[in-house]
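Structure file query_38.cif; described as mmCIF, C-alpha atoms.
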```cif
data_run
loop_
_atom_site.label_atom_id
_atom_site.label_comp_id
_atom_site.auth_asym_id
_atom_site.auth_seq_id
_atom_site.Cartn_x
_atom_site.Cartn_y
_atom_site.Cartn_z
CA MET D 1 70.50 57.17 109.89
CA ARG D 2 71.15 57.35 106.16
CA PHE D 3 69.17 59.26 103.55
CA ASP D 4 69.61 61.00 100.20
CA ALA D 5 70.56 64.66 99.89
CA ALA D 6 71.65 67.00 97.11
CA VAL D 7 75.24 67.99 97.77
CA LEU D 8 77.01 70.95 96.16
CA ARG D 9 80.70 70.07 96.20
CA ALA D 10 82.20 72.98 94.25
CA TYR D 11 80.84 76.39 93.25
CA GLY D 12 80.75 75.61 89.55
CA ASP D 13 79.68 71.97 89.74
CA PRO D 14 76.20 70.47 89.40
CA PHE D 15 74.47 69.12 92.49
CA THR D 16 75.00 65.43 93.17
CA VAL D 17 72.25 63.44 94.87
CA GLU D 18 74.01 61.04 97.19
CA GLU D 19 73.65 59.23 100.47
CA VAL D 20 74.51 61.17 103.62
CA VAL D 21 74.77 59.96 107.20
CA LEU D 22 73.30 61.64 110.29
CA ASP D 23 75.39 60.68 113.30
CA ALA D 24 72.99 61.48 116.15
CA GLY D 25 69.40 62.32 116.98
CA PRO D 26 68.10 65.76 117.99
CA ALA D 27 69.87 67.60 120.78
CA GLU D 28 67.97 69.71 123.25
CA GLY D 29 65.94 72.34 121.37
CA GLU D 30 66.17 70.53 118.02
CA ILE D 31 63.73 68.58 115.90
CA LEU D 32 64.23 66.02 113.14
CA VAL D 33 61.91 66.63 110.18
CA ARG D 34 61.11 64.29 107.30
CA VAL D 35 61.14 66.72 104.37
CA ALA D 36 58.03 66.59 102.18
CA GLY D 37 59.11 69.37 99.82
CA CYS D 38 61.68 72.15 99.60
CA GLY D 39 61.49 75.26 97.45
CA MET D 40 64.49 76.35 95.43
CA CYS D 41 65.29 80.01 96.11
CA ARG D 42 67.71 82.29 94.30
CA THR D 43 69.59 82.62 97.60
CA ASP D 44 70.48 78.93 97.26
CA LEU D 45 71.75 79.53 93.75
CA ALA D 46 73.66 82.65 94.80
CA VAL D 47 76.07 80.40 96.72
CA ARG D 48 77.77 79.83 93.36
CA HIS D 49 78.70 83.53 93.35
CA SER D 50 79.59 83.90 97.03
CA ALA D 51 83.33 84.29 96.40
CA GLY D 52 84.10 81.32 98.61
CA ARG D 53 82.37 82.69 101.72
CA SER D 54 79.79 79.89 101.92
CA PRO D 55 81.58 76.69 102.96
CA LEU D 56 81.45 73.64 100.70
CA PRO D 57 80.68 70.80 100.28
CA ALA D 58 77.23 71.56 101.60
CA VAL D 59 73.60 70.55 101.53
CA LEU D 60 71.65 73.69 100.67
CA GLY D 61 67.89 74.29 100.75
CA HIS D 62 66.10 76.68 103.08
CA GLU D 63 62.42 76.51 102.10
CA GLY D 64 61.66 73.13 103.61
CA ALA D 65 58.42 71.74 104.97
CA GLY D 66 57.60 68.34 106.35
CA VAL D 67 56.66 66.23 109.34
CA VAL D 68 58.39 66.08 112.74
CA VAL D 69 59.68 62.57 113.38
CA GLU D 70 61.68 63.17 116.58
CA THR D 71 62.12 65.99 119.08
CA GLY D 72 64.98 66.88 121.38
CA GLY D 73 63.13 67.12 124.66
CA PRO D 74 59.87 68.64 125.87
CA ASP D 75 60.84 72.28 125.43
CA THR D 76 60.68 72.40 121.64
CA GLY D 77 56.95 73.15 121.71
CA LEU D 78 56.49 70.57 118.95
CA SER D 79 55.51 66.91 118.87
CA THR D 80 56.13 63.92 116.65
CA GLY D 81 53.69 64.04 113.74
CA ASP D 82 53.40 67.83 113.65
CA HIS D 83 53.47 69.37 110.17
CA VAL D 84 55.91 72.26 109.99
CA VAL D 85 57.21 74.96 107.66
CA LEU D 86 60.91 75.66 108.15
CA GLY D 87 62.23 79.21 108.16
CA PHE D 88 65.46 81.07 108.74
CA ASP D 89 67.54 80.72 111.90
CA SER D 90 67.94 83.40 114.56
CA CYS D 91 69.49 83.48 118.01
CA GLY D 92 66.39 84.54 119.97
CA HIS D 93 68.24 86.62 122.53
CA CYS D 94 69.88 89.61 120.82
CA ARG D 95 68.24 93.05 120.89
CA THR D 96 66.58 92.70 117.50
CA CYS D 97 65.26 89.20 118.17
CA LEU D 98 63.80 90.41 121.46
CA SER D 99 62.21 93.27 119.53
CA ALA D 100 60.29 90.78 117.33
CA ALA D 101 62.61 91.38 114.37
CA PRO D 102 64.38 87.99 113.96
CA ALA D 103 65.28 88.71 110.31
CA TYR D 104 67.72 91.34 111.63
CA CYS D 105 69.26 89.06 114.23
CA ASP D 106 72.80 90.09 115.17
CA SER D 107 73.93 86.60 114.18
CA PHE D 108 71.83 86.24 111.01
CA ALA D 109 74.78 85.94 108.59
CA SER D 110 76.73 83.46 110.67
CA LEU D 111 73.70 81.31 111.53
CA ASN D 112 72.24 81.18 108.04
CA LEU D 113 74.97 81.80 105.48
CA PHE D 114 78.47 81.25 106.79
CA GLY D 115 78.65 78.30 109.11
CA GLY D 116 75.60 77.77 111.27
CA ARG D 117 75.42 77.23 115.01
CA ALA D 118 78.61 76.32 116.85
CA GLU D 119 76.56 74.28 119.32
CA HIS D 120 74.70 71.26 117.98
CA ALA D 121 76.31 71.42 114.52
CA ALA D 122 74.77 69.41 111.73
CA ARG D 123 76.60 66.19 112.65
CA PHE D 124 76.15 64.68 109.23
CA ARG D 125 78.65 63.56 106.64
CA ASP D 126 78.76 61.85 103.28
CA ALA D 127 78.75 58.09 102.84
CA ALA D 128 82.55 58.00 102.66
CA GLY D 129 82.85 59.76 106.01
CA GLY D 130 83.71 63.17 104.55
CA GLU D 131 82.56 66.20 106.53
CA LEU D 132 79.75 68.38 105.12
CA ALA D 133 79.34 72.05 105.92
CA PRO D 134 77.11 73.05 108.85
CA ARG D 135 73.44 73.64 108.26
CA TRP D 136 72.36 76.13 105.60
CA PHE D 137 69.77 78.50 107.11
CA GLY D 138 69.51 76.12 110.04
CA GLN D 139 67.98 73.36 107.93
CA SER D 140 69.83 72.14 104.77
CA SER D 141 66.55 70.78 103.43
CA PHE D 142 67.55 69.64 99.92
CA ALA D 143 67.42 66.25 101.60
CA GLY D 144 65.18 63.48 102.87
CA TYR D 145 65.51 64.75 106.45
CA ALA D 146 66.52 68.00 108.12
CA MET D 147 67.82 68.54 111.65
CA VAL D 148 66.45 71.92 112.68
CA PRO D 149 66.48 74.21 115.71
CA ALA D 150 62.88 74.20 116.88
CA ARG D 151 62.93 77.98 116.74
CA ASN D 152 63.06 77.67 112.92
CA ALA D 153 59.87 75.63 112.66
CA VAL D 154 56.26 76.83 112.34
CA ARG D 155 53.50 74.32 113.06
CA VAL D 156 50.78 74.32 110.37
CA ASP D 157 47.41 72.66 109.94
CA ALA D 158 47.95 68.99 109.08
CA SER D 159 45.10 69.15 106.54
CA LEU D 160 47.15 71.47 104.32
CA PRO D 161 49.35 70.05 101.49
CA VAL D 162 52.61 70.26 103.41
CA GLU D 163 54.74 69.44 100.34
CA LEU D 164 53.73 72.83 98.85
CA LEU D 165 54.25 74.99 101.92
CA GLY D 166 58.05 75.31 102.11
CA PRO D 167 58.33 78.56 100.07
CA LEU D 168 56.14 80.25 102.70
CA GLY D 169 59.26 80.15 104.88
CA CYS D 170 61.30 82.48 102.68
CA GLY D 171 60.45 83.60 99.13
CA PHE D 172 56.70 84.04 99.46
CA LEU D 173 57.10 85.29 103.03
CA THR D 174 59.52 87.97 101.79
CA GLY D 175 57.27 89.35 99.06
CA ALA D 176 54.04 89.22 101.03
CA GLY D 177 55.72 90.48 104.19
CA ALA D 178 57.17 93.50 102.40
CA VAL D 179 53.64 94.54 101.43
CA LEU D 180 51.75 93.64 104.59
CA ASN D 181 54.42 94.21 107.26
CA SER D 182 57.03 96.64 105.94
CA PHE D 183 54.65 98.88 103.98
CA GLY D 184 51.42 98.09 105.79
CA ALA D 185 49.59 98.53 102.48
CA GLY D 186 45.82 98.67 102.60
CA PRO D 187 42.73 99.51 100.54
CA GLY D 188 43.34 102.26 98.03
CA ASP D 189 47.12 102.33 98.46
CA THR D 190 49.31 102.13 95.36
CA LEU D 191 52.28 99.83 94.87
CA ALA D 192 54.78 99.26 92.06
CA VAL D 193 56.55 95.88 92.00
CA PHE D 194 59.73 95.55 89.93
CA GLY D 195 60.38 91.94 88.94
CA ALA D 196 57.57 89.39 88.69
CA GLY D 197 59.40 86.35 90.02
CA ALA D 198 58.46 84.41 93.15
CA VAL D 199 59.01 87.32 95.55
CA GLY D 200 57.43 89.91 93.27
CA LEU D 201 54.36 87.82 92.48
CA ALA D 202 53.88 87.06 96.19
CA ALA D 203 53.92 90.82 96.73
CA VAL D 204 51.31 91.26 94.00
CA MET D 205 49.04 88.63 95.55
CA ALA D 206 49.38 90.15 99.02
CA ALA D 207 48.70 93.65 97.70
CA THR D 208 45.58 92.46 95.89
CA ALA D 209 44.40 90.71 99.06
CA ALA D 210 44.96 93.97 100.97
CA GLY D 211 42.96 96.02 98.45
CA ALA D 212 45.91 97.96 97.04
CA VAL D 213 46.30 99.03 93.41
CA THR D 214 49.41 97.33 92.03
CA VAL D 215 51.57 97.83 88.96
CA ALA D 216 53.94 94.97 88.09
CA VAL D 217 57.01 95.53 85.90
CA ASP D 218 58.91 92.76 84.14
CA ARG D 219 60.54 92.04 80.78
CA PHE D 220 58.96 88.59 80.32
CA PRO D 221 55.40 88.56 78.91
CA GLU D 222 54.55 85.28 80.64
CA ARG D 223 55.48 86.74 84.04
CA LEU D 224 53.38 89.82 83.33
CA ALA D 225 50.45 87.58 82.39
CA LEU D 226 50.72 85.94 85.80
CA ALA D 227 50.82 89.32 87.50
CA GLU D 228 47.64 90.33 85.67
CA ARG D 229 45.99 87.08 86.74
CA PHE D 230 46.73 88.01 90.35
CA GLY D 231 45.25 91.50 90.01
CA ALA D 232 48.12 93.74 88.91
CA ILE D 233 48.40 96.23 86.07
CA ALA D 234 51.18 94.83 83.90
CA LEU D 235 53.87 97.08 82.40
CA ARG D 236 56.71 95.87 80.19
CA ALA D 237 60.09 97.15 81.31
CA GLY D 238 61.51 99.39 78.62
CA PRO D 239 64.47 101.60 77.89
CA SER D 240 62.76 104.89 78.82
CA GLY D 241 59.64 106.43 80.24
CA LEU D 242 58.91 103.68 82.76
CA ALA D 243 58.49 106.01 85.76
CA ASP D 244 56.08 108.20 83.78
CA ARG D 245 54.04 105.16 82.77
CA ILE D 246 53.80 104.04 86.39
CA ARG D 247 52.79 107.49 87.58
CA GLY D 248 50.11 107.52 84.89
CA ARG D 249 48.61 104.27 86.24
CA THR D 250 48.84 105.16 89.96
CA ASP D 251 47.20 108.62 90.10
CA GLY D 252 50.43 110.57 90.05
CA GLY D 253 52.81 108.10 91.65
CA ALA D 254 53.02 104.99 93.81
CA GLN D 255 53.05 105.24 97.58
CA TYR D 256 55.20 102.12 97.77
CA ALA D 257 57.62 100.37 95.45
CA LEU D 258 59.33 97.01 95.83
CA ASP D 259 62.41 96.12 93.81
CA THR D 260 63.29 92.44 93.56
CA THR D 261 65.84 92.80 90.74
CA GLY D 262 68.86 94.56 92.22
CA SER D 263 69.11 96.56 88.97
CA ALA D 264 70.39 100.11 89.52
CA PRO D 265 68.46 101.56 86.54
CA LEU D 266 65.22 99.98 87.74
CA ILE D 267 65.82 101.16 91.29
CA ASN D 268 66.14 104.70 89.99
CA ASP D 269 62.95 104.22 87.95
CA ALA D 270 61.23 103.05 91.12
CA LEU D 271 62.31 106.15 93.03
CA ARG D 272 61.13 108.43 90.23
CA ALA D 273 57.77 106.63 90.21
CA LEU D 274 57.11 107.32 93.91
CA ARG D 275 54.81 109.98 95.25
CA PRO D 276 56.27 112.48 97.75
CA ALA D 277 57.04 110.67 101.04
CA GLY D 278 56.92 107.36 99.16
CA HIS D 279 58.87 104.30 100.31
CA LEU D 280 61.01 102.02 98.15
CA GLY D 281 61.95 98.63 99.59
CA LEU D 282 64.83 96.54 98.24
CA VAL D 283 64.98 92.79 98.77
CA ALA D 284 67.69 91.70 96.30
CA ARG D 285 71.34 91.68 97.25
CA LEU D 286 73.17 94.38 95.29
CA ARG D 287 76.30 93.19 93.49
CA GLY D 288 77.85 96.61 92.99
CA ALA D 289 77.52 100.31 93.67
CA LEU D 290 74.08 101.91 93.55
CA PRO D 291 74.36 105.35 91.93
CA LEU D 292 71.24 107.39 92.68
CA GLU D 293 70.16 110.08 90.27
CA PRO D 294 69.98 113.71 91.51
CA GLY D 295 66.69 114.49 93.19
CA SER D 296 65.61 110.86 93.48
CA LEU D 297 65.38 111.02 97.28
CA ASP D 298 63.89 114.49 97.67
CA ARG D 299 60.40 115.38 98.95
CA GLY D 300 60.50 112.81 101.72
CA ARG D 301 61.07 109.76 99.57
CA ARG D 302 63.03 107.02 101.29
CA ILE D 303 64.70 103.74 100.50
CA SER D 304 65.33 100.76 102.78
CA HIS D 305 66.43 97.17 102.63
CA ILE D 306 63.80 94.59 103.66
CA CYS D 307 64.93 91.20 104.96
CA GLU D 308 62.53 88.23 105.12
CA GLY D 309 59.52 90.53 104.79
CA ASP D 310 60.05 91.95 108.30
CA ALA D 311 58.19 88.81 109.40
CA VAL D 312 58.02 86.81 112.59
CA PRO D 313 57.46 83.44 110.86
CA ARG D 314 55.41 81.85 113.62
CA LEU D 315 52.92 84.71 113.31
CA PHE D 316 53.10 85.39 109.58
CA VAL D 317 53.13 81.89 108.03
CA PRO D 318 49.70 81.08 109.56
CA ARG D 319 48.42 84.39 108.19
CA LEU D 320 49.55 83.38 104.69
CA THR D 321 48.02 79.91 104.91
CA ALA D 322 44.73 81.49 106.06
CA LEU D 323 44.79 83.84 103.07
CA TRP D 324 45.47 80.85 100.80
CA GLN D 325 42.56 78.91 102.28
CA ALA D 326 40.35 81.96 101.65
CA GLY D 327 41.43 82.02 97.99
CA LEU D 328 43.30 85.31 98.42
CA PHE D 329 46.92 84.13 98.18
CA PRO D 330 47.10 81.44 95.45
CA PHE D 331 50.82 80.77 95.76
CA ASP D 332 50.35 77.16 94.65
CA GLN D 333 49.82 78.44 91.09
CA LEU D 334 53.50 79.49 90.99
CA ILE D 335 54.91 76.08 91.94
CA ARG D 336 56.26 73.28 89.77
CA MET D 337 57.22 70.05 91.51
CA TYR D 338 60.45 68.17 90.73
CA PRO D 339 61.84 65.00 92.30
CA LEU D 340 65.01 65.77 94.25
CA THR D 341 66.95 63.72 91.71
CA ASP D 342 66.07 66.37 89.09
CA ILE D 343 67.55 69.25 91.10
CA ASN D 344 69.90 70.30 88.29
CA GLU D 345 67.01 70.50 85.83
CA ALA D 346 65.09 72.59 88.38
CA GLU D 347 68.06 74.95 88.70
CA ARG D 348 68.32 75.35 84.91
CA ASP D 349 64.59 76.03 84.60
CA CYS D 350 64.76 78.55 87.44
CA GLU D 351 67.71 80.40 85.95
CA ALA D 352 66.09 80.46 82.49
CA GLY D 353 62.80 81.79 83.87
CA ARG D 354 60.86 78.71 82.77
CA VAL D 355 59.48 78.20 86.28
CA VAL D 356 58.65 80.69 89.03
CA LYS D 357 59.13 78.46 92.06
CA PRO D 358 60.58 74.95 91.79
CA VAL D 359 59.77 72.68 94.73
CA LEU D 360 61.92 69.57 95.18
CA VAL D 361 60.37 66.41 96.57
CA PRO D 362 62.75 63.90 98.20
#
```

Encoded form using C-alpha cells:
Amino acid sequence: MRFDAAVLRAYGDPFTVEEVVLDAGPAEGEILVRVAGCGMCRTDLAVRHSAGRSPLPAVLGHEGAGVVVETGGPDTGLSTGDHVVLGFDSCGHCRTCLSAAPAYCDSFASLNLFGGRAEHAARFRDAAGGELAPRWFGQSSFAGYAMVPARNAVRVDASLPVELLGPLGCGFLTGAGAVLNSFGAGPGDTLAVFGAGAVGLAAVMAATAAGAVTVAVDRFPERLALAERFGAIALRAGPSGLADRIRGRTDGGAQYALDTTGSAPLINDALRALRPAGHLGLVARLRGALPLEPGSLDRGRRISHICEGDAVPRLFVPRLTALWQAGLFPFDQLIRMYPLTDINEAERDCEAGRVVKPVLVP
C-alpha cells in the first residue's frame, strides 16, 4: 500500500512529505493503524542533534493515535476498528519489563532510537524504492499509517477524540507519570516544576488533580499564564533567588521537584528548593556535565532520572483519559492541530515556543 509520510532525509534538512510504500501486511504480533493524529515531541526534533546515531532517512513520530485497520493474528489482543494510542516499544521479556517497568527495558535504546526490531522490520520504502530507516519508537507515525508491535498500542474508548490522544503516549504521560507514579504526590504535597512546556504543564495538571500545591517556573509569561490556569503558582525564572522564592511559596521547601529543561543552573536551583529528604526528578536529556553545588544533596535529598513517567502505558493512558473526562486533566487545551503537510511550520512554532504541543493530522 502507498500513503504519505513526512521523511527526514538529512539532519539539517526540512521534512519532506512524500509517498512511501509498505511492502507487506502485519506480521504475527503486529497491527496496522490508520493514524488520526500524531504529536510532535522534542525527542523527535532532537534527532537533528543526535550526532549521526539515529539512522536516516527516516519517518519519525512517536505520539501517534488512530484506528486499527488490520491485525497480525489473534494474539494481538486488538481487533479491526479499535481506537488506540501508540506508545514506546519494549521487549516484554527482560527483567525490567517483567517488573512492570517497560520504560527501562534493556533494549529501550535499540528498539526506540537506534534501529528498531530486527524481526519484522518496517518493510517500507520511498516511492523510488529507496530504503527508509526502521521504525522510530516502534511506530514512525508522522504518516498516514503506522505498522506497530501490538505491545505498543493501548485501546481507548472509541467515543473519545482519537486525533487528540497521541501525546498521551509520551509527552503528557511523562509529565503526569512523574507526579503520580514516580513521586506518588497527593493532597497537601508540594511540587516545583521547572519548565512549563508540554511535559511540565502535564505535571502541573496531574499535581492539581492529585491535590498537591505546585509552583511552576518558566521564563515565558504566556507559559506561566497557562500554568496558573491549571492551578499552579507561577514564578518567573530569574538570575538569583529562585530557590528562596520557591521555599517561600511551599512552606519551607518543596517535597518534589521536576526539571524538564536540562539546565544545570536550574537543576541546582531545584535541589536548593527541596525540603530535607526531597526528591528531584529529571526528564530532559543532559547535553553536558552536571556540576552540583556543595551541599545540594545533603540531608537526604536525592536526584533521579525519570523515563516515560515510570508508566505502564496500558494502565496509565486509561487513567489519564478518565481524568480528562472528569475535567481534571485538560490536556486538549495545550494542543494546536496542523495538517501533516505543514510539519515544518509546526516544528518552527514548537522551537520558538509559539505552541505547546503540535499535533499533525495526516

Result set of the PyMOL selection byres ((chain D and resi 308-324) around 7) on the coordinates above, as a PDB file with C-alpha atoms, in the coordinates of the input:
```
ATOM      1  CA  GLY D  87      62.230  79.210 108.160  1.00  0.00           C
ATOM      2  CA  ALA D 100      60.290  90.780 117.330  1.00  0.00           C
ATOM      3  CA  ALA D 101      62.610  91.380 114.370  1.00  0.00           C
ATOM      4  CA  PRO D 102      64.380  87.990 113.960  1.00  0.00           C
ATOM      5  CA  ALA D 103      65.280  88.710 110.310  1.00  0.00           C
ATOM      6  CA  VAL D 154      56.260  76.830 112.340  1.00  0.00           C
ATOM      7  CA  VAL D 156      50.780  74.320 110.370  1.00  0.00           C
ATOM      8  CA  LEU D 168      56.140  80.250 102.700  1.00  0.00           C
ATOM      9  CA  CYS D 170      61.300  82.480 102.680  1.00  0.00           C
ATOM     10  CA  LEU D 173      57.100  85.290 103.030  1.00  0.00           C
ATOM     11  CA  THR D 174      59.520  87.970 101.790  1.00  0.00           C
ATOM     12  CA  GLY D 175      57.270  89.350  99.060  1.00  0.00           C
ATOM     13  CA  ALA D 176      54.040  89.220 101.030  1.00  0.00           C
ATOM     14  CA  GLY D 177      55.720  90.480 104.190  1.00  0.00           C
ATOM     15  CA  ALA D 178      57.170  93.500 102.400  1.00  0.00           C
ATOM     16  CA  ASN D 181      54.420  94.210 107.260  1.00  0.00           C
ATOM     17  CA  SER D 182      57.030  96.640 105.940  1.00  0.00           C
ATOM     18  CA  ILE D 306      63.800  94.590 103.660  1.00  0.00           C
ATOM     19  CA  CYS D 307      64.930  91.200 104.960  1.00  0.00           C
ATOM     20  CA  GLN D 325      42.560  78.910 102.280  1.00  0.00           C
ATOM     21  CA  ALA D 326      40.350  81.960 101.650  1.00  0.00           C
ATOM     22  CA  GLY D 327      41.430  82.020  97.990  1.00  0.00           C
ATOM     23  CA  LEU D 328      43.300  85.310  98.420  1.00  0.00           C
ATOM     24  CA  PHE D 329      46.920  84.130  98.180  1.00  0.00           C
ATOM     25  CA  PRO D 330      47.100  81.440  95.450  1.00  0.00           C
TER      26      PRO D 330
END
```

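One finds CA of Ala146 in chain D at 17.6 Å from CA of Phe15 in chain D.
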
Hey, can you check how far CA of Pro358 in chain D sits from CA of Ile267 in chain D?
26.7 Å

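Note that CA of Gly39 in chain D and CA of Val85 in chain D are 11.1 Å apart.
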
Residues within 9 Å of range 4-14 of chain D, please, as a ChimeraX atom specification. Count all atoms listed in the file; anything in the same chain fewer than 5 positions from it doesn't count.
/D:19-21,47-52,56-61,126,132,140-145,340-341,343-344,362

Selection dump of the PyMOL selection byres ((chain D and resi 289) around 12), as a PDB file with C-alpha atoms, in the frame of the given file:
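For reference, selection30.pdb as written:
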```
ATOM      1  CA  GLY D 262      68.860  94.560  92.220  1.00  0.00           C
ATOM      2  CA  SER D 263      69.110  96.560  88.970  1.00  0.00           C
ATOM      3  CA  ALA D 264      70.390 100.110  89.520  1.00  0.00           C
ATOM      4  CA  PRO D 265      68.460 101.560  86.540  1.00  0.00           C
ATOM      5  CA  ILE D 267      65.820 101.160  91.290  1.00  0.00           C
ATOM      6  CA  ARG D 285      71.340  91.680  97.250  1.00  0.00           C
ATOM      7  CA  LEU D 286      73.170  94.380  95.290  1.00  0.00           C
ATOM      8  CA  ARG D 287      76.300  93.190  93.490  1.00  0.00           C
ATOM      9  CA  GLY D 288      77.850  96.610  92.990  1.00  0.00           C
ATOM     10  CA  LEU D 290      74.080 101.910  93.550  1.00  0.00           C
ATOM     11  CA  PRO D 291      74.360 105.350  91.930  1.00  0.00           C
ATOM     12  CA  LEU D 292      71.240 107.390  92.680  1.00  0.00           C
TER      13      LEU D 292
END
```

Residue with smallest distance to Leu235 in chain D - pool D:Ala109, D:Ala192, D:Leu86, D:Leu201, counting all atoms listed in the file:
D:Ala192

Could you check which of D:Val355, D:Leu280, D:Ala133, D:Ile31 is closest to Gly77 in chain D, using all atoms listed in the file?
D:Ile31

Among the residues D:Gly211, D:Gly130, D:Gly200, D:Gly252, the one that comes closest to Ala185 in chain D [using all atoms listed in the file]
D:Gly211

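Every residue that the PyMOL selection byres ((chain D and resi 337) around 8) selects in this file is listed here: Ile335, Arg336, Tyr338, Pro339, Pro358, Val359, Leu360 and Val361 of chain D.
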
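Checking D:Gly195, D:Arg275, D:His305, D:Ala243 one by one against Thr261 in chain D, counting only C-alpha atoms, you find the shortest gap at D:Gly195.
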
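The shortest atom-to-atom distance to Ala36 in chain D, with all atoms listed in the file taken into account, belongs to D:Gly166 out of D:Gly166, D:Pro149, D:Gly72, D:Gly92.
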
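Closest approach to Ala234 in chain D among D:Thr250, D:Ser90, D:Thr214, D:Thr71: D:Thr214, based on only C-alpha atoms.
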
Would you list the contacts of range 350-352 of chain D as number ranges by chain, taking every protein, DNA or RNA residue within 10 Å and counting all atoms listed in the file, but skipping same-chain residues closer than 2 positions in sequence?
D: 40-42, 45, 197, 344-348, 354-358

Please provide the set of residues having any atom within 12 Å of Ile246 in chain D, restricted to only C-alpha atoms, with same-chain residues fewer than 3 positions apart removed, written as a VMD selection string.
chain D and resid 190 to 194 213 to 217 233 to 238 240 to 243 249 to 257 269 to 275

Would you pick out the contacts of Glu28 in chain D at 12 Å or less, using all atoms listed in the file, so that residues sharing its chain but fewer than 4 positions from it are not included, and give the list as a PDB file with C-alpha atoms, in the coordinates of the input?
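The new file part.pdb reads:
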```pdb
ATOM      1  CA  ALA D  24      72.990  61.480 116.150  1.00  0.00           C
ATOM      2  CA  LEU D  32      64.230  66.020 113.140  1.00  0.00           C
ATOM      3  CA  GLU D  70      61.680  63.170 116.580  1.00  0.00           C
ATOM      4  CA  THR D  71      62.120  65.990 119.080  1.00  0.00           C
ATOM      5  CA  GLY D  72      64.980  66.880 121.380  1.00  0.00           C
ATOM      6  CA  GLY D  73      63.130  67.120 124.660  1.00  0.00           C
ATOM      7  CA  PRO D  74      59.870  68.640 125.870  1.00  0.00           C
ATOM      8  CA  ASP D  75      60.840  72.280 125.430  1.00  0.00           C
ATOM      9  CA  THR D  76      60.680  72.400 121.640  1.00  0.00           C
ATOM     10  CA  GLY D  77      56.950  73.150 121.710  1.00  0.00           C
ATOM     11  CA  GLU D 119      76.560  74.280 119.320  1.00  0.00           C
ATOM     12  CA  HIS D 120      74.700  71.260 117.980  1.00  0.00           C
ATOM     13  CA  MET D 147      67.820  68.540 111.650  1.00  0.00           C
ATOM     14  CA  VAL D 148      66.450  71.920 112.680  1.00  0.00           C
ATOM     15  CA  PRO D 149      66.480  74.210 115.710  1.00  0.00           C
ATOM     16  CA  ALA D 150      62.880  74.200 116.880  1.00  0.00           C
ATOM     17  CA  ARG D 151      62.930  77.980 116.740  1.00  0.00           C
TER      18      ARG D 151
END
```

At a cut-off of 6 Å, using all atoms listed in the file, what residues contact Gly231 in chain D? Leave out same-chain residues fewer than 2 positions from it and give the result as a list in words.
Thr208, Glu228 and Arg229 of chain D

Only N, CA, C and O atoms, as a PDB file, in the first residue's frame: that is what I want for range 19-30 of chain D.
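Output file part_1.pdb is given in full below:
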```
ATOM      1  N   GLU D  19       5.333  10.269  -0.844  1.00  0.00           N
ATOM      2  CA  GLU D  19       4.692   8.961  -0.847  1.00  0.00           C
ATOM      3  C   GLU D  19       5.692   7.894  -0.418  1.00  0.00           C
ATOM      4  O   GLU D  19       6.843   7.878  -0.862  1.00  0.00           O
ATOM      5  N   VAL D  20       5.247   7.001   0.465  1.00  0.00           N
ATOM      6  CA  VAL D  20       6.045   5.846   0.855  1.00  0.00           C
ATOM      7  C   VAL D  20       5.237   4.588   0.552  1.00  0.00           C
ATOM      8  O   VAL D  20       4.022   4.639   0.351  1.00  0.00           O
ATOM      9  N   VAL D  21       5.942   3.461   0.516  1.00  0.00           N
ATOM     10  CA  VAL D  21       5.327   2.196   0.125  1.00  0.00           C
ATOM     11  C   VAL D  21       5.540   1.186   1.251  1.00  0.00           C
ATOM     12  O   VAL D  21       6.673   0.978   1.708  1.00  0.00           O
ATOM     13  N   LEU D  22       4.469   0.558   1.691  1.00  0.00           N
ATOM     14  CA  LEU D  22       4.537  -0.524   2.666  1.00  0.00           C
ATOM     15  C   LEU D  22       4.461  -1.840   1.909  1.00  0.00           C
ATOM     16  O   LEU D  22       3.509  -2.085   1.159  1.00  0.00           O
ATOM     17  N   ASP D  23       5.465  -2.688   2.093  1.00  0.00           N
ATOM     18  CA  ASP D  23       5.597  -3.869   1.244  1.00  0.00           C
ATOM     19  C   ASP D  23       4.757  -5.059   1.681  1.00  0.00           C
ATOM     20  O   ASP D  23       4.539  -5.980   0.899  1.00  0.00           O
ATOM     21  N   ALA D  24       4.306  -5.099   2.933  1.00  0.00           N
ATOM     22  CA  ALA D  24       3.585  -6.275   3.415  1.00  0.00           C
ATOM     23  C   ALA D  24       2.652  -5.873   4.546  1.00  0.00           C
ATOM     24  O   ALA D  24       2.812  -4.812   5.157  1.00  0.00           O
ATOM     25  N   GLY D  25       1.688  -6.740   4.815  1.00  0.00           N
ATOM     26  CA  GLY D  25       0.772  -6.503   5.919  1.00  0.00           C
ATOM     27  C   GLY D  25       1.394  -6.887   7.245  1.00  0.00           C
ATOM     28  O   GLY D  25       2.573  -7.258   7.330  1.00  0.00           O
ATOM     29  N   PRO D  26       0.620  -6.816   8.329  1.00  0.00           N
ATOM     30  CA  PRO D  26       1.168  -7.085   9.666  1.00  0.00           C
ATOM     31  C   PRO D  26       1.654  -8.519   9.815  1.00  0.00           C
ATOM     32  O   PRO D  26       0.982  -9.469   9.397  1.00  0.00           O
ATOM     33  N   ALA D  27       2.820  -8.665  10.414  1.00  0.00           N
ATOM     34  CA  ALA D  27       3.311  -9.984  10.810  1.00  0.00           C
ATOM     35  C   ALA D  27       2.662 -10.368  12.136  1.00  0.00           C
ATOM     36  O   ALA D  27       1.918  -9.588  12.748  1.00  0.00           O
ATOM     37  N   GLU D  28       2.950 -11.558  12.585  1.00  0.00           N
ATOM     38  CA  GLU D  28       2.401 -12.006  13.859  1.00  0.00           C
ATOM     39  C   GLU D  28       2.787 -11.030  14.975  1.00  0.00           C
ATOM     40  O   GLU D  28       3.948 -10.630  15.092  1.00  0.00           O
ATOM     41  N   GLY D  29       1.807 -10.604  15.760  1.00  0.00           N
ATOM     42  CA  GLY D  29       2.074  -9.683  16.864  1.00  0.00           C
ATOM     43  C   GLY D  29       2.070  -8.232  16.478  1.00  0.00           C
ATOM     44  O   GLY D  29       2.308  -7.371  17.332  1.00  0.00           O
ATOM     45  N   GLU D  30       1.780  -7.907  15.207  1.00  0.00           N
ATOM     46  CA  GLU D  30       1.753  -6.525  14.747  1.00  0.00           C
ATOM     47  C   GLU D  30       0.328  -6.086  14.436  1.00  0.00           C
ATOM     48  O   GLU D  30      -0.560  -6.908  14.215  1.00  0.00           O
TER      49      GLU D  30
END
```
